[in-house]
$ cat input-v2.tsv   # TSV, N, CA and C atoms and all ligand atoms
chain	number	residue	atom	x	y	z
A	84	MET	N	0.84	-1.19	0.00
A	84	MET	CA	0.00	0.00	0.00
A	84	MET	C	0.88	1.25	0.00
A	85	ILE	N	0.53	2.20	-0.87
A	85	ILE	CA	1.28	3.44	-0.94
A	85	ILE	C	0.60	4.46	-0.03
A	86	HIS	N	1.35	5.00	0.92
A	86	HIS	CA	0.79	5.94	1.87
A	86	HIS	C	0.78	7.34	1.27
A	87	PRO	N	-0.30	8.09	1.52
A	87	PRO	CA	-0.34	9.46	1.02
A	87	PRO	C	0.76	10.31	1.65
A	88	GLY	N	1.25	11.28	0.91
A	88	GLY	CA	2.28	12.15	1.46
A	88	GLY	C	3.68	11.64	1.26
A	89	THR	N	3.83	10.50	0.60
A	89	THR	CA	5.17	10.00	0.36
A	89	THR	C	5.67	10.54	-0.98
A	90	THR	N	7.00	10.58	-1.11
A	90	THR	CA	7.63	11.09	-2.32
A	90	THR	C	8.14	9.92	-3.14
A	91	PRO	N	7.79	9.86	-4.44
A	91	PRO	CA	8.29	8.76	-5.26
A	91	PRO	C	9.72	8.98	-5.73
A	92	PHE	N	10.48	7.92	-5.81
A	92	PHE	CA	11.85	7.95	-6.32
A	92	PHE	C	11.94	6.90	-7.42
A	93	ALA	N	12.32	7.33	-8.62
A	93	ALA	CA	12.39	6.40	-9.75
A	93	ALA	C	13.62	5.50	-9.62
A	94	VAL	N	13.38	4.20	-9.62
A	94	VAL	CA	14.46	3.21	-9.47
A	94	VAL	C	15.01	2.82	-10.83
A	95	CYS	N	14.13	2.35	-11.71
A	95	CYS	CA	14.54	1.89	-13.04
A	95	CYS	C	13.28	1.57	-13.83
A	96	GLU	N	13.46	1.23	-15.09
A	96	GLU	CA	12.34	0.72	-15.88
A	96	GLU	C	12.15	-0.75	-15.52
A	97	LEU	N	10.89	-1.15	-15.37
A	97	LEU	CA	10.61	-2.54	-14.98
A	97	LEU	C	11.23	-3.53	-15.95
A	98	ILE	N	11.29	-3.18	-17.23
A	98	ILE	CA	11.81	-4.10	-18.24
A	98	ILE	C	13.28	-4.45	-17.99
A	99	THR	N	13.99	-3.58	-17.25
A	99	THR	CA	15.40	-3.84	-16.95
A	99	THR	C	15.58	-4.63	-15.66
A	100	LEU	N	14.45	-5.00	-15.02
A	100	LEU	CA	14.52	-5.72	-13.74
A	100	LEU	C	13.63	-6.96	-13.82
A	101	PRO	N	14.07	-7.98	-14.55
A	101	PRO	CA	13.23	-9.18	-14.70
A	101	PRO	C	13.14	-9.97	-13.39
A	102	VAL	N	12.20	-10.88	-13.33
A	102	VAL	CA	12.04	-11.75	-12.15
A	102	VAL	C	13.37	-12.46	-11.87
A	103	GLY	N	13.76	-12.46	-10.60
A	103	GLY	CA	15.02	-13.08	-10.20
A	103	GLY	C	16.15	-12.09	-10.05
A	104	GLU	N	15.91	-10.84	-10.48
A	104	GLU	CA	16.97	-9.83	-10.42
A	104	GLU	C	16.74	-8.87	-9.25
A	105	VAL	N	17.78	-8.15	-8.90
A	105	VAL	CA	17.72	-7.15	-7.83
A	105	VAL	C	18.51	-5.93	-8.27
A	106	VAL	N	18.06	-4.76	-7.86
A	106	VAL	CA	18.80	-3.53	-8.15
A	106	VAL	C	18.92	-2.75	-6.85
A	107	THR	N	20.07	-2.10	-6.67
A	107	THR	CA	20.31	-1.31	-5.46
A	107	THR	C	20.46	0.15	-5.85
A	108	VAL	N	19.76	1.01	-5.13
A	108	VAL	CA	19.84	2.46	-5.38
A	108	VAL	C	20.05	3.16	-4.04
A	109	THR	N	20.55	4.39	-4.13
A	109	THR	CA	20.74	5.20	-2.92
A	109	THR	C	20.05	6.54	-3.14
A	110	PRO	N	18.77	6.64	-2.79
A	110	PRO	CA	18.09	7.93	-2.92
A	110	PRO	C	18.75	8.97	-2.03
A	111	PRO	N	18.65	10.26	-2.39
A	111	PRO	CA	19.28	11.31	-1.58
A	111	PRO	C	18.88	11.23	-0.12
A	112	GLY	N	19.87	11.25	0.75
A	112	GLY	CA	19.61	11.24	2.18
A	112	GLY	C	19.21	9.90	2.75
A	113	MET	N	19.28	8.85	1.93
A	113	MET	CA	18.85	7.52	2.38
A	113	MET	C	20.04	6.57	2.36
A	114	ALA	N	19.90	5.48	3.11
A	114	ALA	CA	20.85	4.37	3.01
A	114	ALA	C	20.51	3.59	1.73
A	115	PRO	N	21.45	2.79	1.24
A	115	PRO	CA	21.15	2.00	0.04
A	115	PRO	C	19.92	1.12	0.23
A	116	ILE	N	19.10	1.07	-0.80
A	116	ILE	CA	17.87	0.27	-0.79
A	116	ILE	C	17.93	-0.69	-1.97
A	117	SER	N	17.57	-1.94	-1.72
A	117	SER	CA	17.54	-2.93	-2.80
A	117	SER	C	16.11	-3.30	-3.12
A	118	VAL	N	15.83	-3.37	-4.42
A	118	VAL	CA	14.51	-3.77	-4.90
A	118	VAL	C	14.66	-5.14	-5.55
A	119	PHE	N	13.97	-6.11	-4.98
A	119	PHE	CA	14.02	-7.49	-5.46
A	119	PHE	C	12.77	-7.77	-6.29
A	120	HIS	N	12.95	-8.34	-7.46
A	120	HIS	CA	11.80	-8.77	-8.27
A	120	HIS	C	11.69	-10.28	-8.14
A	121	THR	N	10.76	-10.72	-7.32
A	121	THR	CA	10.53	-12.15	-7.10
A	121	THR	C	9.33	-12.59	-7.92
A	122	SER	N	9.08	-13.87	-7.95
A	122	SER	CA	7.90	-14.36	-8.67
A	122	SER	C	6.61	-13.89	-8.01
A	123	ASP	N	6.70	-13.42	-6.77
A	123	ASP	CA	5.52	-12.89	-6.07
A	123	ASP	C	5.39	-11.38	-6.24
A	124	GLY	N	6.36	-10.72	-6.84
A	124	GLY	CA	6.28	-9.28	-7.03
A	124	GLY	C	7.54	-8.56	-6.61
A	125	LEU	N	7.42	-7.25	-6.49
A	125	LEU	CA	8.56	-6.40	-6.14
A	125	LEU	C	8.58	-6.11	-4.64
A	126	TYR	N	9.76	-6.19	-4.05
A	126	TYR	CA	9.92	-5.88	-2.63
A	126	TYR	C	11.17	-5.02	-2.46
A	127	ALA	N	11.05	-3.99	-1.61
A	127	ALA	CA	12.18	-3.09	-1.37
A	127	ALA	C	12.54	-3.10	0.11
A	128	ILE	N	13.82	-3.29	0.39
A	128	ILE	CA	14.31	-3.28	1.77
A	128	ILE	C	15.65	-2.54	1.82
A	129	ASP	N	16.01	-2.07	3.02
A	129	ASP	CA	17.35	-1.53	3.19
A	129	ASP	C	18.36	-2.61	2.81
A	130	ASP	N	19.41	-2.21	2.07
A	130	ASP	CA	20.32	-3.21	1.52
A	130	ASP	C	21.28	-3.78	2.56
A	131	THR	N	21.61	-3.00	3.58
A	131	THR	CA	22.65	-3.43	4.53
A	131	THR	C	22.05	-4.31	5.62
A	132	CYS	N	22.64	-5.47	5.81
A	132	CYS	CA	22.20	-6.40	6.85
A	132	CYS	C	22.29	-5.71	8.22
A	133	THR	N	21.35	-6.02	9.10
A	133	THR	CA	21.35	-5.41	10.43
A	133	THR	C	22.32	-6.10	11.39
A	134	HIS	N	22.96	-7.17	10.96
A	134	HIS	CA	23.93	-7.85	11.82
A	134	HIS	C	25.31	-7.24	11.66
A	135	GLN	N	25.81	-7.21	10.43
A	135	GLN	CA	27.08	-6.56	10.13
A	135	GLN	C	26.95	-5.91	8.76
A	136	ASP	N	28.07	-5.50	8.20
A	136	ASP	CA	28.04	-4.70	6.98
A	136	ASP	C	28.09	-5.60	5.74
A	137	ALA	N	26.97	-6.18	5.40
A	137	ALA	CA	26.90	-7.01	4.20
A	137	ALA	C	25.74	-6.52	3.34
A	138	SER	N	25.92	-6.64	2.02
A	138	SER	CA	24.87	-6.23	1.08
A	138	SER	C	23.90	-7.39	0.86
A	139	LEU	N	22.64	-7.17	1.21
A	139	LEU	CA	21.65	-8.23	1.02
A	139	LEU	C	21.37	-8.48	-0.46
A	140	ALA	N	21.69	-7.51	-1.31
A	140	ALA	CA	21.53	-7.72	-2.76
A	140	ALA	C	22.45	-8.84	-3.25
A	141	ASP	N	23.51	-9.13	-2.49
A	141	ASP	CA	24.42	-10.21	-2.85
A	141	ASP	C	23.97	-11.55	-2.29
A	142	GLY	N	22.82	-11.55	-1.59
A	142	GLY	CA	22.36	-12.77	-0.92
A	142	GLY	C	21.58	-13.69	-1.86
A	143	TRP	N	21.12	-14.78	-1.28
A	143	TRP	CA	20.39	-15.82	-2.00
A	143	TRP	C	18.90	-15.61	-1.76
A	144	VAL	N	18.13	-15.48	-2.84
A	144	VAL	CA	16.69	-15.26	-2.71
A	144	VAL	C	15.95	-16.57	-2.94
A	145	GLU	N	15.03	-16.87	-2.03
A	145	GLU	CA	14.17	-18.03	-2.20
A	145	GLU	C	12.78	-17.63	-1.77
A	146	GLY	N	11.83	-17.68	-2.69
A	146	GLY	CA	10.47	-17.21	-2.39
A	146	GLY	C	10.52	-15.74	-2.00
A	147	CYS	N	10.02	-15.42	-0.83
A	147	CYS	CA	10.02	-14.03	-0.34
A	147	CYS	C	11.06	-13.84	0.75
A	148	THR	N	12.17	-14.58	0.66
A	148	THR	CA	13.21	-14.51	1.67
A	148	THR	C	14.55	-14.28	1.01
A	149	VAL	N	15.38	-13.46	1.65
A	149	VAL	CA	16.76	-13.30	1.18
A	149	VAL	C	17.70	-13.73	2.31
A	150	GLU	N	18.69	-14.53	1.94
A	150	GLU	CA	19.69	-15.02	2.90
A	150	GLU	C	20.92	-14.15	2.81
A	151	CYS	N	21.35	-13.58	3.93
A	151	CYS	CA	22.54	-12.74	3.95
A	151	CYS	C	23.76	-13.54	3.51
A	152	PRO	N	24.59	-12.96	2.63
A	152	PRO	CA	25.74	-13.70	2.12
A	152	PRO	C	26.85	-13.90	3.14
A	153	LEU	N	26.81	-13.13	4.25
A	153	LEU	CA	27.93	-13.21	5.19
A	153	LEU	C	27.73	-14.28	6.27
A	154	HIS	N	26.62	-14.24	6.98
A	154	HIS	CA	26.39	-15.21	8.07
A	154	HIS	C	25.06	-15.93	7.94
A	155	GLU	N	24.42	-15.77	6.79
A	155	GLU	CA	23.26	-16.60	6.42
A	155	GLU	C	21.98	-16.37	7.22
A	156	ALA	N	21.85	-15.20	7.87
A	156	ALA	CA	20.55	-14.87	8.45
A	156	ALA	C	19.58	-14.65	7.30
A	157	CYS	N	18.34	-15.06	7.47
A	157	CYS	CA	17.34	-14.92	6.42
A	157	CYS	C	16.34	-13.82	6.80
A	158	PHE	N	16.05	-12.94	5.85
A	158	PHE	CA	15.11	-11.84	6.08
A	158	PHE	C	13.90	-12.02	5.17
A	159	ASP	N	12.72	-11.80	5.76
A	159	ASP	CA	11.49	-11.83	4.98
A	159	ASP	C	11.41	-10.53	4.18
A	160	LEU	N	11.32	-10.62	2.86
A	160	LEU	CA	11.30	-9.41	2.02
A	160	LEU	C	10.03	-8.60	2.24
A	161	ARG	N	8.97	-9.23	2.73
A	161	ARG	CA	7.70	-8.52	2.93
A	161	ARG	C	7.70	-7.70	4.21
A	162	THR	N	8.39	-8.19	5.24
A	162	THR	CA	8.35	-7.53	6.55
A	162	THR	C	9.71	-7.03	7.01
A	163	GLY	N	10.79	-7.56	6.43
A	163	GLY	CA	12.14	-7.22	6.85
A	163	GLY	C	12.60	-7.99	8.08
A	164	VAL	N	11.74	-8.82	8.64
A	164	VAL	CA	12.05	-9.51	9.89
A	164	VAL	C	12.97	-10.70	9.62
A	165	PRO	N	14.06	-10.83	10.44
A	165	PRO	CA	14.92	-12.00	10.27
A	165	PRO	C	14.27	-13.24	10.88
A	166	SER	N	14.55	-14.37	10.28
A	166	SER	CA	13.94	-15.61	10.79
A	166	SER	C	14.72	-16.18	11.97
A	167	GLY	N	15.95	-15.69	12.17
A	167	GLY	CA	16.73	-16.22	13.28
A	167	GLY	C	18.11	-15.60	13.31
A	168	PRO	N	18.93	-16.00	14.31
A	168	PRO	CA	20.26	-15.41	14.45
A	168	PRO	C	21.15	-15.75	13.26
A	169	PRO	N	22.25	-14.99	13.12
A	169	PRO	CA	22.73	-13.99	14.07
A	169	PRO	C	22.01	-12.64	13.98
A	170	ALA	N	21.26	-12.34	12.94
A	170	ALA	CA	20.55	-11.06	12.88
A	170	ALA	C	19.36	-11.10	13.84
A	171	LYS	N	19.17	-10.00	14.56
A	171	LYS	CA	18.04	-9.92	15.50
A	171	LYS	C	17.10	-8.77	15.16
A	172	ILE	N	17.60	-7.81	14.38
A	172	ILE	CA	16.83	-6.59	14.07
A	172	ILE	C	16.35	-6.66	12.63
A	173	ALA	N	15.11	-6.25	12.42
A	173	ALA	CA	14.55	-6.23	11.06
A	173	ALA	C	15.20	-5.15	10.23
A	174	VAL	N	15.34	-5.40	8.93
A	174	VAL	CA	15.71	-4.33	8.00
A	174	VAL	C	14.43	-3.56	7.66
A	175	ARG	N	14.60	-2.29	7.32
A	175	ARG	CA	13.42	-1.49	6.95
A	175	ARG	C	12.89	-1.92	5.59
A	176	THR	N	11.59	-1.93	5.48
A	176	THR	CA	10.96	-2.19	4.18
A	176	THR	C	10.47	-0.86	3.62
A	177	HIS	N	10.27	-0.82	2.32
A	177	HIS	CA	9.83	0.41	1.66
A	177	HIS	C	8.72	0.07	0.66
A	178	ASP	N	7.79	1.00	0.50
A	178	ASP	CA	6.72	0.82	-0.48
A	178	ASP	C	7.28	0.94	-1.88
A	179	VAL	N	6.82	0.09	-2.76
A	179	VAL	CA	7.26	0.12	-4.14
A	179	VAL	C	6.05	-0.02	-5.05
A	180	SER	N	6.08	0.67	-6.18
A	180	SER	CA	4.98	0.57	-7.14
A	180	SER	C	5.54	0.64	-8.55
A	181	ILE	N	4.67	0.37	-9.51
A	181	ILE	CA	5.04	0.50	-10.92
A	181	ILE	C	4.07	1.49	-11.55
A	182	VAL	N	4.60	2.56	-12.14
A	182	VAL	CA	3.77	3.56	-12.81
A	182	VAL	C	4.33	3.76	-14.22
A	183	ASP	N	3.51	3.48	-15.20
A	183	ASP	CA	3.91	3.63	-16.61
A	183	ASP	C	5.23	2.90	-16.90
A	184	GLY	N	5.39	1.71	-16.32
A	184	GLY	CA	6.58	0.90	-16.59
A	184	GLY	C	7.80	1.28	-15.79
A	185	THR	N	7.66	2.26	-14.91
A	185	THR	CA	8.79	2.67	-14.06
A	185	THR	C	8.59	2.17	-12.64
A	186	VAL	N	9.64	1.59	-12.07
A	186	VAL	CA	9.60	1.13	-10.68
A	186	VAL	C	9.87	2.33	-9.77
A	187	LEU	N	8.96	2.56	-8.85
A	187	LEU	CA	9.07	3.71	-7.94
A	187	LEU	C	9.16	3.24	-6.49
A	188	LEU	N	10.01	3.93	-5.73
A	188	LEU	CA	10.03	3.77	-4.27
A	188	LEU	C	9.26	4.94	-3.68
A	189	HIS	N	8.60	4.67	-2.56
A	189	HIS	CA	7.84	5.73	-1.88
A	189	HIS	C	8.28	5.78	-0.43
A	190	PHE	N	8.69	6.96	0.02
A	190	PHE	CA	9.06	7.10	1.43
A	190	PHE	C	8.92	8.56	1.82
A	191	GLU	N	8.90	8.76	3.12
A	191	GLU	CA	8.84	10.11	3.65
A	191	GLU	C	10.14	10.81	3.30
A	192	GLN	N	10.04	11.94	2.62
A	192	GLN	CA	11.24	12.70	2.25
A	192	GLN	C	11.59	13.63	3.40
A	193	LYS	N	12.81	13.54	3.90
A	193	LYS	CA	13.25	14.40	4.98
A	193	LYS	C	14.00	15.59	4.41
A	194	GLY	N	13.37	16.76	4.42
A	194	GLY	CA	14.03	17.96	3.92
A	194	GLY	C	14.00	18.03	2.42
A	195	ASP	N	14.44	19.16	1.89
A	195	ASP	CA	14.46	19.39	0.45
A	195	ASP	C	15.79	18.90	-0.09
A	196	THR	N	15.77	18.00	-1.08
A	196	THR	CA	17.01	17.42	-1.59
A	196	THR	C	17.40	18.03	-2.93
A	197	ARG	N	16.69	19.08	-3.36
A	197	ARG	CA	17.05	19.69	-4.64
A	197	ARG	C	18.37	20.42	-4.53
B	1	LIG	S1	26.22	-9.76	8.21
B	1	LIG	FE1	24.27	-10.54	7.70
B	1	LIG	S2	24.01	-12.20	9.07
B	1	LIG	FE2	25.92	-11.38	9.60
$ encode --input "input-v2.tsv" --output "structure tokens"
Amino acid sequence: MIHPGTTPFAVCELITLPVGEVVTVTPPGMAPISVFHTSDGLYAIDDTCTHQDASLADGWVEGCTVECPLHEACFDLRTGVPSGPPAKIAVRTHDVSIVDGTVLLHFEQKGDTR
């Protein structure tokens, strides 16, 4: 669900992100965010694992779960919640939509980034 009052950020054209692929972007003022295209749809989460400094975009995706490449904690792409140790803290999830073939992220914009 896209919440009113959020600012869209263009990630890429959907055609460049087929099922099974992931893209990482860093919107202004944000930490890197990865958008995963799974067979169930698009999911966006903060890219950095909450356990240590690993990129979840480099992890193994199965269904709606991504396994961290460093210590193998698994995160639910829908909720960001890890299924078990060593990660204990959820990664942030972000709203994502497709408008006219463009993948958009939606989040509260903090301050003017122009
Ligand atoms: S860095 Fe991801 S589980 Fe350790």
$ residues_near_ligand --input "input-v2.tsv" --ligand "ligand LIG 1 (chain B)" --cutoff "12 Å" --atoms "only C-alpha atoms and all ligand atoms" --output "number ranges by chain"
A: 130-143, 149-158, 165-174
$ atom_distance --input "input-v2.tsv" --atom1 "CA of Glu145 (chain A)" --atom2 "CA of Thr90 (chain A)"
29.8 Å
$ atom_distance --input "input-v2.tsv" --atom1 "atom N of Val144 (chain A)" --atom2 "atom C of Ile116 (chain A)"
14.8 Å
$ residues_near_point --input "input-v2.tsv" --point "(6.8, 3.4, -18.9)" --cutoff "12 Å" --atoms "only C-alpha atoms" --output "CSV table (one decimal) with N, CA and C atoms, in the coordinates of the input"
chain,number,residue,atom,x,y,z
A,93,ALA,N,12.3,7.3,-8.6
A,93,ALA,CA,12.4,6.4,-9.8
A,93,ALA,C,13.6,5.5,-9.6
A,95,CYS,N,14.1,2.4,-11.7
A,95,CYS,CA,14.5,1.9,-13.0
A,95,CYS,C,13.3,1.6,-13.8
A,96,GLU,N,13.5,1.2,-15.1
A,96,GLU,CA,12.3,0.7,-15.9
A,96,GLU,C,12.2,-0.8,-15.5
A,97,LEU,N,10.9,-1.2,-15.4
A,97,LEU,CA,10.6,-2.5,-15.0
A,97,LEU,C,11.2,-3.5,-16.0
A,98,ILE,N,11.3,-3.2,-17.2
A,98,ILE,CA,11.8,-4.1,-18.2
A,98,ILE,C,13.3,-4.4,-18.0
A,99,THR,N,14.0,-3.6,-17.2
A,99,THR,CA,15.4,-3.8,-17.0
A,99,THR,C,15.6,-4.6,-15.7
A,181,ILE,N,4.7,0.4,-9.5
A,181,ILE,CA,5.0,0.5,-10.9
A,181,ILE,C,4.1,1.5,-11.6
A,182,VAL,N,4.6,2.6,-12.1
A,182,VAL,CA,3.8,3.6,-12.8
A,182,VAL,C,4.3,3.8,-14.2
A,183,ASP,N,3.5,3.5,-15.2
A,183,ASP,CA,3.9,3.6,-16.6
A,183,ASP,C,5.2,2.9,-16.9
A,184,GLY,N,5.4,1.7,-16.3
A,184,GLY,CA,6.6,0.9,-16.6
A,184,GLY,C,7.8,1.3,-15.8
A,185,THR,N,7.7,2.3,-14.9
A,185,THR,CA,8.8,2.7,-14.1
A,185,THR,C,8.6,2.2,-12.6
A,186,VAL,N,9.6,1.6,-12.1
A,186,VAL,CA,9.6,1.1,-10.7
A,186,VAL,C,9.9,2.3,-9.8
A,187,LEU,N,9.0,2.6,-8.8
A,187,LEU,CA,9.1,3.7,-7.9
A,187,LEU,C,9.2,3.2,-6.5
$ axis_aligned_box --input "input-v2.tsv" --around "region 148-164 of chain A" --padding-each-side "5 Å" --output "AutoDock Vina command-line options"
--center_x 17.8 --center_y -11.8 --center_z 5.3 --size_x 30.2 --size_y 19.6 --size_z 19.2
$ closest_residue --input "input-v2.tsv" --among "A:Pro110, A:Pro101, A:Gly124, A:Gly163" --to "His177 (chain A)" --atoms "only N, CA and C atoms"
A:Gly163
$ residues_near_point --input "input-v2.tsv" --point "(20.7, -3.4, -9.3)" --cutoff "8 Å" --atoms "only N, CA and C atoms" --output "list in words"
Leu100, Glu104, Val105, Val106, Thr107, Val108, Ser117, Val118 and Ala140 of chain A
$ write_last_selection --input "input-v2.tsv" --atoms "N, CA and C atoms" --output "compact mmCIF listing (two decimals), in the coordinates of the input"
# COMPACT_ATOMS: atom_id res chain seq x y z
N LEU A 100 14.45 -5.00 -15.02
CA LEU A 100 14.52 -5.72 -13.74
C LEU A 100 13.63 -6.96 -13.82
N GLU A 104 15.91 -10.84 -10.48
CA GLU A 104 16.97 -9.83 -10.42
C GLU A 104 16.74 -8.87 -9.25
N VAL A 105 17.78 -8.15 -8.90
CA VAL A 105 17.72 -7.15 -7.83
C VAL A 105 18.51 -5.93 -8.27
N VAL A 106 18.06 -4.76 -7.86
CA VAL A 106 18.80 -3.53 -8.15
C VAL A 106 18.92 -2.75 -6.85
N THR A 107 20.07 -2.10 -6.67
CA THR A 107 20.31 -1.31 -5.46
C THR A 107 20.46 0.15 -5.85
N VAL A 108 19.76 1.01 -5.13
CA VAL A 108 19.84 2.46 -5.38
C VAL A 108 20.05 3.16 -4.04
N SER A 117 17.57 -1.94 -1.72
CA SER A 117 17.54 -2.93 -2.80
C SER A 117 16.11 -3.30 -3.12
N VAL A 118 15.83 -3.37 -4.42
CA VAL A 118 14.51 -3.77 -4.90
C VAL A 118 14.66 -5.14 -5.55
N ALA A 140 21.69 -7.51 -1.31
CA ALA A 140 21.53 -7.72 -2.76
C ALA A 140 22.45 -8.84 -3.25
$ select_by_dssp --input "input-v2.tsv" --residues "region 102-182 of chain A" --states "strand (DSSP E or B)" --output "ChimeraX atom specification"
/A:105-108,116-121,124-129,131,138,143-145,148-150,157-159,165,176-182
$ select_by_dssp --input "input-v2.tsv" --residues "chain A" --states "helix (DSSP H, G or I)" --output "ChimeraX atom specification"
/A:97-99,139-141
$ atom_distance --input "input-v2.tsv" --atom1 "atom C of Asp123 (chain A)" --atom2 "CA of Pro111 (chain A)"
27.0 Å
$ residues_around --input "input-v2.tsv" --residues "Thr162 (chain A)" --least-positions-apart "2" --cutoff "6.5 Å" --atoms "all atoms listed in the file" --output "count of residues only"
7
